[in-house]
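Just entry_32.txt here, compact mmCIF, C-alpha atoms:
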# COMPACT_ATOMS: atom_id res chain seq x y z
CA MET A 1 26.85 3.44 -19.62
CA THR A 2 23.31 4.59 -20.40
CA MET A 3 22.25 7.84 -18.75
CA GLY A 4 18.71 9.14 -18.55
CA VAL A 5 15.63 9.53 -16.44
CA VAL A 6 15.30 7.23 -13.46
CA HIS A 7 12.11 5.72 -12.05
CA GLY A 8 11.55 5.98 -8.30
CA LYS A 9 10.35 2.43 -7.76
CA GLY A 10 13.82 1.11 -6.96
CA VAL A 11 14.74 3.58 -4.21
CA VAL A 12 16.60 2.09 -1.28
CA VAL A 13 16.41 3.81 2.07
CA SER A 14 17.86 2.46 5.27
CA VAL A 15 17.72 3.97 8.75
CA ASP A 16 19.77 2.70 11.66
CA ALA A 17 20.80 -0.34 9.58
CA LYS A 18 17.14 -1.27 8.94
CA ASP A 19 16.04 -1.33 5.30
CA LEU A 20 12.69 0.48 5.14
CA SER A 21 12.45 0.49 1.34
CA VAL A 22 9.59 -1.96 1.02
CA TYR A 23 7.42 0.24 3.26
CA GLY A 24 8.40 3.56 1.62
CA THR A 25 6.35 5.40 -0.98
CA SER A 26 8.16 8.73 -1.09
CA CYS A 27 11.54 10.16 -0.10
CA GLU A 28 12.55 13.79 -0.11
CA TYR A 29 16.26 14.42 0.26
CA GLU A 30 17.53 17.98 0.44
CA LEU A 31 21.02 19.41 0.57
CA LYS A 32 21.26 23.15 0.92
CA ALA A 33 23.68 25.86 2.04
CA ASP A 34 23.42 29.10 3.92
CA SER A 35 23.68 32.17 1.75
CA HIS A 36 25.65 35.20 3.01
CA ASP A 37 25.23 38.63 1.50
CA VAL A 38 28.71 40.04 0.83
CA THR A 39 27.61 42.95 -1.28
CA THR A 40 29.85 45.97 -0.90
CA PHE A 41 29.65 49.59 -2.00
CA GLY A 42 30.08 50.04 -5.74
CA ASN A 43 28.04 46.98 -6.75
CA ASP A 44 24.87 47.32 -8.79
CA THR A 45 23.69 43.81 -7.95
CA LYS A 46 23.94 41.78 -4.78
CA VAL A 47 26.83 39.40 -4.29
CA PHE A 48 26.58 36.24 -2.21
CA ALA A 49 28.92 33.71 -0.67
CA GLY A 50 28.08 30.17 0.30
CA GLY A 51 28.02 29.19 3.96
CA LEU A 52 27.45 26.09 5.97
CA LYS A 53 25.65 23.22 4.34
CA GLU A 54 22.84 21.21 5.83
CA SER A 55 20.88 18.18 4.78
CA SER A 56 17.45 16.82 5.52
CA MET A 57 15.41 13.79 4.65
CA LYS A 58 11.71 12.98 4.75
CA ILE A 59 10.43 9.43 4.35
CA GLU A 60 6.78 8.57 3.79
CA GLY A 61 5.17 5.20 3.39
CA ILE A 62 2.62 2.59 4.33
CA TYR A 63 2.43 1.83 8.04
CA ASP A 64 3.28 -1.75 8.94
CA ASP A 65 3.31 -3.34 12.38
CA THR A 66 6.10 -5.82 11.66
CA GLU A 67 8.08 -6.21 14.86
CA THR A 68 11.69 -5.05 14.96
CA THR A 69 12.00 -4.11 11.27
CA GLY A 70 8.69 -2.40 10.44
CA PRO A 71 8.58 1.40 10.13
CA ARG A 72 6.87 1.98 13.46
CA ALA A 73 9.26 -0.32 15.31
CA VAL A 74 12.28 1.31 13.69
CA LEU A 75 11.33 4.98 13.53
CA GLU A 76 9.32 5.78 16.63
CA PRO A 77 12.16 4.98 19.07
CA LEU A 78 14.55 7.08 17.00
CA VAL A 79 12.78 10.40 17.61
CA GLY A 80 15.27 12.70 19.26
CA THR A 81 18.25 10.53 18.46
CA ILE A 82 20.82 10.36 15.69
CA ALA A 83 20.98 7.37 13.39
CA GLU A 84 22.76 6.51 10.18
CA MET A 85 20.77 7.22 7.01
CA ILE A 86 21.60 5.47 3.76
CA TYR A 87 19.78 6.66 0.65
CA LYS A 88 20.21 5.18 -2.81
CA PRO A 89 17.83 6.96 -5.20
CA GLU A 90 18.65 4.83 -8.23
CA GLY A 91 18.40 1.48 -6.48
CA ALA A 92 20.65 -1.01 -4.77
CA SER A 93 23.09 -1.54 -7.61
CA ALA A 94 23.18 1.77 -9.48
CA GLY A 95 23.72 5.47 -8.91
CA PRO A 96 24.97 7.27 -5.84
CA THR A 97 24.90 6.13 -2.25
CA ARG A 98 24.39 8.94 0.23
CA THR A 99 25.33 8.20 3.81
CA PHE A 100 24.95 10.59 6.70
CA ASP A 101 24.04 10.83 10.34
CA ALA A 102 20.59 12.25 10.88
CA LEU A 103 18.55 13.44 13.83
CA CYS A 104 15.01 12.09 13.72
CA THR A 105 12.89 15.14 14.52
CA THR A 106 9.39 13.88 13.71
CA TYR A 107 7.53 10.61 13.40
CA THR A 108 3.93 10.89 12.18
CA GLU A 109 1.14 8.37 11.67
CA THR A 110 -1.88 9.34 9.60
CA ALA A 111 -4.96 7.14 9.79
CA PRO A 112 -7.79 7.92 7.34
CA VAL A 113 -11.00 5.96 7.79
CA ALA A 114 -11.10 4.68 4.22
CA ASP A 115 -7.47 3.93 3.51
CA MET A 116 -4.34 2.35 4.91
CA ILE A 117 -2.50 3.99 7.78
CA LYS A 118 0.49 6.00 6.51
CA PHE A 119 3.68 6.99 8.28
CA SER A 120 6.20 9.73 7.74
CA ALA A 121 9.45 10.65 9.42
CA GLN A 122 11.61 13.74 9.13
CA PHE A 123 15.34 13.86 9.70
CA GLN A 124 17.80 16.69 10.07
CA GLY A 125 21.27 15.83 8.80
CA SER A 126 24.02 16.02 11.41
CA GLY A 127 27.39 16.47 9.79
CA ALA A 128 28.51 15.93 6.22
CA VAL A 129 26.83 13.79 3.62
CA ALA A 130 29.18 11.22 2.11
CA THR A 131 28.27 10.51 -1.49
CA THR A 132 29.84 7.61 -3.33
CA ASP A 133 29.19 6.59 -6.90
CA PRO A 134 29.54 3.05 -8.22
CA PRO A 135 32.71 2.46 -10.27
CA MET B 136 1.20 -11.85 -3.61
CA ARG B 137 -0.11 -14.35 -6.12
CA LEU B 138 -3.37 -13.79 -7.95
CA THR B 139 -4.43 -17.43 -7.80
CA GLU B 140 -3.90 -17.52 -4.04
CA ILE B 141 -5.81 -14.25 -3.56
CA MET B 142 -8.80 -15.62 -5.48
CA ASP B 143 -8.62 -18.98 -3.72
CA HIS B 144 -8.54 -17.38 -0.29
CA LEU B 145 -11.37 -14.97 -1.03
CA ALA B 146 -13.40 -18.03 -1.95
CA LEU B 147 -12.25 -19.85 1.19
CA ALA B 148 -13.32 -16.88 3.30
CA CYS B 149 -16.77 -16.71 1.68
CA GLY B 150 -17.05 -20.47 1.98
CA GLU B 151 -17.22 -20.08 5.75
CA ILE B 152 -20.78 -18.80 5.30
CA ASP B 153 -23.24 -21.65 5.72
CA GLY B 154 -25.15 -22.57 2.58
CA LEU B 155 -23.23 -20.25 0.24
CA ARG B 156 -21.59 -21.99 -2.70
CA VAL B 157 -18.33 -20.41 -3.82
CA THR B 158 -16.25 -20.40 -6.98
CA PRO B 159 -12.71 -18.97 -6.88
CA TYR B 160 -12.95 -17.77 -10.49
CA PRO B 161 -15.61 -16.52 -12.91
CA GLU B 162 -17.54 -19.20 -14.70
CA ASN B 163 -20.53 -19.28 -16.98
CA ARG B 164 -22.98 -21.05 -14.72
CA VAL B 165 -24.58 -20.08 -11.44
CA ASN B 166 -26.32 -22.12 -8.79
CA PRO B 167 -27.61 -19.57 -6.26
CA PRO B 168 -26.88 -18.67 -3.63
CA GLN B 169 -23.37 -18.51 -4.98
CA ALA B 170 -20.34 -16.27 -4.54
CA MET B 171 -18.01 -15.96 -7.50
CA VAL B 172 -14.59 -14.35 -7.31
CA SER B 173 -13.94 -12.15 -10.34
CA TYR B 174 -10.64 -11.16 -11.91
CA PRO B 175 -9.21 -7.93 -10.47
CA ARG B 176 -10.31 -4.64 -11.92
CA ARG B 177 -6.80 -3.41 -11.13
CA TYR B 178 -3.57 -5.08 -9.99
CA SER B 179 -1.07 -2.39 -9.00
CA TYR B 180 2.64 -3.05 -8.51
CA ASP B 181 5.29 -0.80 -6.95
CA GLU B 182 3.01 0.72 -4.33
CA SER B 183 6.14 1.08 -2.23
CA PHE B 184 9.85 1.03 -3.11
CA GLY B 185 11.30 -2.21 -4.44
CA ASN B 186 7.80 -3.51 -5.22
CA GLY B 187 7.40 -3.95 -1.47
CA THR B 188 3.63 -3.58 -1.69
CA GLU B 189 1.05 -4.64 -4.24
CA ASP B 190 -2.49 -3.25 -4.22
CA VAL B 191 -5.29 -5.26 -5.81
CA GLU B 192 -8.90 -4.23 -6.34
CA ILE B 193 -10.99 -7.32 -6.93
CA SER B 194 -14.69 -8.14 -6.85
CA VAL B 195 -16.71 -10.91 -5.32
CA VAL B 196 -20.18 -11.27 -6.81
CA VAL B 197 -22.96 -12.96 -4.85
CA PHE B 198 -25.90 -14.30 -6.86
CA VAL B 199 -29.21 -15.13 -5.24
CA GLY B 200 -32.53 -16.50 -6.36
CA GLY B 201 -35.99 -16.70 -4.81
CA ARG B 202 -39.67 -17.31 -5.32
CA ASP B 203 -40.54 -13.63 -5.32
CA ALA B 204 -39.02 -10.19 -4.92
CA GLY B 205 -39.24 -10.30 -1.14
CA ALA B 206 -37.44 -13.61 -0.92
CA VAL B 207 -34.71 -12.32 -3.23
CA ARG B 208 -34.26 -9.21 -1.09
CA ASP B 209 -34.05 -11.24 2.08
CA ALA B 210 -31.59 -13.66 0.51
CA LEU B 211 -29.28 -10.92 -0.70
CA GLY B 212 -29.58 -8.70 2.35
CA GLN B 213 -28.01 -11.20 4.71
CA TYR B 214 -24.80 -11.20 2.65
CA VAL B 215 -24.63 -7.41 2.45
CA ASP B 216 -24.93 -6.85 6.19
CA GLY B 217 -21.71 -5.43 7.60
CA ILE B 218 -21.55 -7.90 10.47
CA GLY B 219 -22.94 -11.31 11.27
CA GLY B 220 -22.44 -14.93 10.33
CA THR B 221 -23.62 -14.40 6.76
CA SER B 222 -21.80 -11.12 6.16
CA ILE B 223 -19.42 -11.21 3.18
CA LYS B 224 -17.54 -8.25 4.68
CA GLN B 225 -17.03 -9.98 8.00
CA ALA B 226 -16.09 -13.28 6.37
CA ILE B 227 -13.38 -11.73 4.19
CA GLU B 228 -11.98 -9.24 6.69
CA SER B 229 -11.74 -11.83 9.45
CA HIS B 230 -10.09 -14.44 7.24
CA ILE B 231 -6.62 -15.20 8.56
CA THR B 232 -4.03 -15.92 5.89
CA THR B 233 -0.45 -15.22 4.91
CA VAL B 234 -1.56 -14.58 1.31
CA TRP B 235 -2.23 -10.89 2.01
CA ASP B 236 -1.57 -8.35 4.75
CA ILE B 237 -5.06 -6.92 4.72
CA ALA B 238 -8.29 -7.32 2.79
CA HIS B 239 -10.87 -4.55 3.03
CA VAL B 240 -14.39 -4.90 1.68
CA MET B 241 -15.03 -1.34 0.57
CA ASP B 242 -18.59 -1.39 -0.73
CA ALA B 243 -21.31 -3.38 -2.43
CA GLU B 244 -23.14 -2.52 -5.61
CA PHE B 245 -26.45 -4.11 -6.59
CA ILE B 246 -26.75 -5.35 -10.14
CA ILE B 247 -28.87 -7.60 -12.29
CA ALA B 248 -26.35 -10.04 -13.70
CA THR B 249 -27.07 -12.22 -16.69
CA VAL B 250 -25.27 -15.55 -16.70
CA ALA B 251 -25.89 -18.08 -19.45
CA GLY B 252 -29.00 -16.14 -20.44
CA VAL B 253 -30.52 -16.13 -16.94
CA GLU B 254 -30.90 -12.95 -14.90
CA TYR B 255 -29.92 -12.99 -11.23
CA GLN B 256 -30.17 -10.32 -8.60
CA SER B 257 -26.66 -9.97 -7.31
CA ALA B 258 -24.38 -7.87 -5.17
CA MET B 259 -20.87 -7.04 -6.30
CA PHE B 260 -18.49 -6.51 -3.37
CA ARG B 261 -15.41 -4.43 -4.13
CA VAL B 262 -12.45 -5.73 -2.13
CA ARG B 263 -9.08 -4.03 -1.75
CA VAL B 264 -6.25 -6.45 -1.00
CA LEU B 265 -2.78 -5.27 0.03
CA GLY B 266 0.24 -7.44 0.50
CA LYS B 267 3.93 -7.91 -0.05
CA GLY B 268 5.20 -7.62 -3.59
CA LYS B 269 8.12 -9.82 -2.78

Please re-express this file's structure in structure tokens.
Amino acid sequence: MTMGVVHGKGVVVSVDAKDLSVYGTSCEYELKADSHDVTTFGNDTKVFAGGLKESSMKIEGIYDDTETTGPRAVLEPLVGTIAEMIYKPEGASAGPTRTFDALCTTYTETAPVADMIKFSAQFQGSGAVATTDPP
Amino acid sequence: MRLTEIMDHLALACGEIDGLRVTPYPENRVNPPQAMVSYPRRYSYDESFGNGTEDVEISVVVFVGGRDAGAVRDALGQYVDGIGGTSIKQAIESHITTVWDIAHVMDAEFIIATVAGVEYQSAMFRVRVLGKGK
């Protein structure tokens, strides 16, 4: 198996069982953990312990008014609700698949006068992220 | 999108203007008033994931002739107007097709073009075409 750098053009991102990949231009997935200071007397440097994890996802792309499956039709109704997020950074047939429930916190449309309308949506992970790698 | 279809449909759109001859590709002869679709300056793939969007910048050049400078100006001006029955911008942006999602006439540049040794006053319209990559 060849390992190396991976181009972003093949990213697959699906929200609520709707594949939004062809509208997407940028994805930002983050997995982080709380950090707890457990430094005690006698230490010369701080000591930390990991806490609860949390995930988030931001999707940006080109606005499209396709009914039912376009980004506006899919994302705008999801604000304030939890939907399943599937994110495959290396494409449909390679690399990890990350699946998690996510609360859609923001849907944004940006309309510049001299360019296409863009959309973005931000999600807060709700619960664990399941990561599976292809065999 | 397909390049040949983009060029054909730009020509079809311009062909809706009465009296304007159109050619869906560059050629080495001009019979003004004539609109000629050029090859793209840029054909960009992968504008969204999975090559979902392609972004093409392509030019349409309109050549005019006339008895004198005033006639040339009047002939060219009608095509450069942003709206109206002879507007290149209106003709292209109102053209309904499944070949692209959107075509936007961004600007026009005025040039003296030499074709087969003959100079023509012309306007080069820069058109941005976006559509599905697959």

For atom CA of Ser93 of chain A and atom CA of Lys18 of chain A, the interatomic separation in Å (one decimal)
17.6 Å

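Among the candidate residues A:Lys118, A:Phe123, A:Thr132, A:Ser35, the one lying nearest to Ile82 of chain A is A:Phe123, with distances computed using only C-alpha atoms.
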
Write down, as a PDB file with C-alpha atoms, in the frame of the given file, each residue of chain A that has any atom within 6 Å of an atom of chain B, counting all atoms listed in the file.
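Saved result, out-v5.pdb, follows:
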ATOM      1  CA  LYS A   9      10.350   2.430  -7.760  1.00  0.00           C
ATOM      2  CA  GLY A  10      13.820   1.110  -6.960  1.00  0.00           C
ATOM      3  CA  VAL A  11      14.740   3.580  -4.210  1.00  0.00           C
ATOM      4  CA  SER A  21      12.450   0.490   1.340  1.00  0.00           C
ATOM      5  CA  VAL A  22       9.590  -1.960   1.020  1.00  0.00           C
ATOM      6  CA  TYR A  23       7.420   0.240   3.260  1.00  0.00           C
ATOM      7  CA  GLY A  24       8.400   3.560   1.620  1.00  0.00           C
ATOM      8  CA  THR A  25       6.350   5.400  -0.980  1.00  0.00           C
TER       9      THR A  25
END

Of B:Val253, B:Val264, B:Ile223, B:Val197, the one sitting nearest Asn163 of chain B when using only C-alpha atoms is B:Val253

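Distances from B:Cys149, B:Val199, B:Leu138, B:Ala210 to Ser179 of chain B were compared using only C-alpha atoms, and the smallest one belongs to B:Leu138.
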
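Reported to one decimal place, the separation of atom CA of Gln169 of chain B from atom CA of Leu211 of chain B is 10.5 Å.
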
Which residue gives the smallest distance to Pro161 of chain B among B:Ala258, B:Val215, B:Val196, B:Ile231, with only C-alpha atoms counted?
B:Val196

Pick out the closest residue to Ala146 of chain B from this set: B:Ser194, B:Ile218, B:Ala206, B:Gln256. Count all atoms listed in the file.
B:Ser194

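Between atom CA of Glu76 of chain A and atom CA of Ala121 of chain A there is a distance of 8.7 Å.
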
Each residue of segment 56-88 of chain A with at least one atom at most 10 Å from segment 101-105 of chain A should appear once, together with its nearest atom pair and the corresponding distance in Å (one decimal); atoms considered: all atoms listed in the file; ordering: chain, then increasing residue number; output as a Markdown table.
| residue | atom | partner | partner_atom | distance |
| --- | --- | --- | --- | --- |
| A:Ser56 | CA | A:Ala102 | CA | 7.7 |
| A:Met57 | CA | A:Ala102 | CA | 8.2 |
| A:Lys58 | CA | A:Cys104 | CA | 9.6 |
| A:Leu75 | CA | A:Cys104 | CA | 8.0 |
| A:Glu76 | CA | A:Cys104 | CA | 9.0 |
| A:Pro77 | CA | A:Cys104 | CA | 9.3 |
| A:Leu78 | CA | A:Cys104 | CA | 6.0 |
| A:Val79 | CA | A:Cys104 | CA | 4.8 |
| A:Gly80 | CA | A:Cys104 | CA | 5.6 |
| A:Thr81 | CA | A:Leu103 | CA | 5.5 |
| A:Ile82 | CA | A:Leu103 | CA | 4.3 |
| A:Ala83 | CA | A:Ala102 | CA | 5.5 |
| A:Glu84 | CA | A:Asp101 | CA | 4.5 |
| A:Met85 | CA | A:Asp101 | CA | 5.9 |
| A:Ile86 | CA | A:Asp101 | CA | 8.8 |

Return as JSON the box centre and box size in Å, one decimal, for an axis-aligned box around all listed atoms of segment 59-78 of chain A padded by 4 Å per side.
{"center_x": 8.5, "center_y": 1.6, "center_z": 11.2, "size_x": 20.1, "size_y": 23.6, "size_z": 23.7}

Between A:Ala111, A:Leu52, A:Met3, A:Ile59, which one has atoms that come closest to Cys27 of chain A, using only C-alpha atoms?
A:Ile59
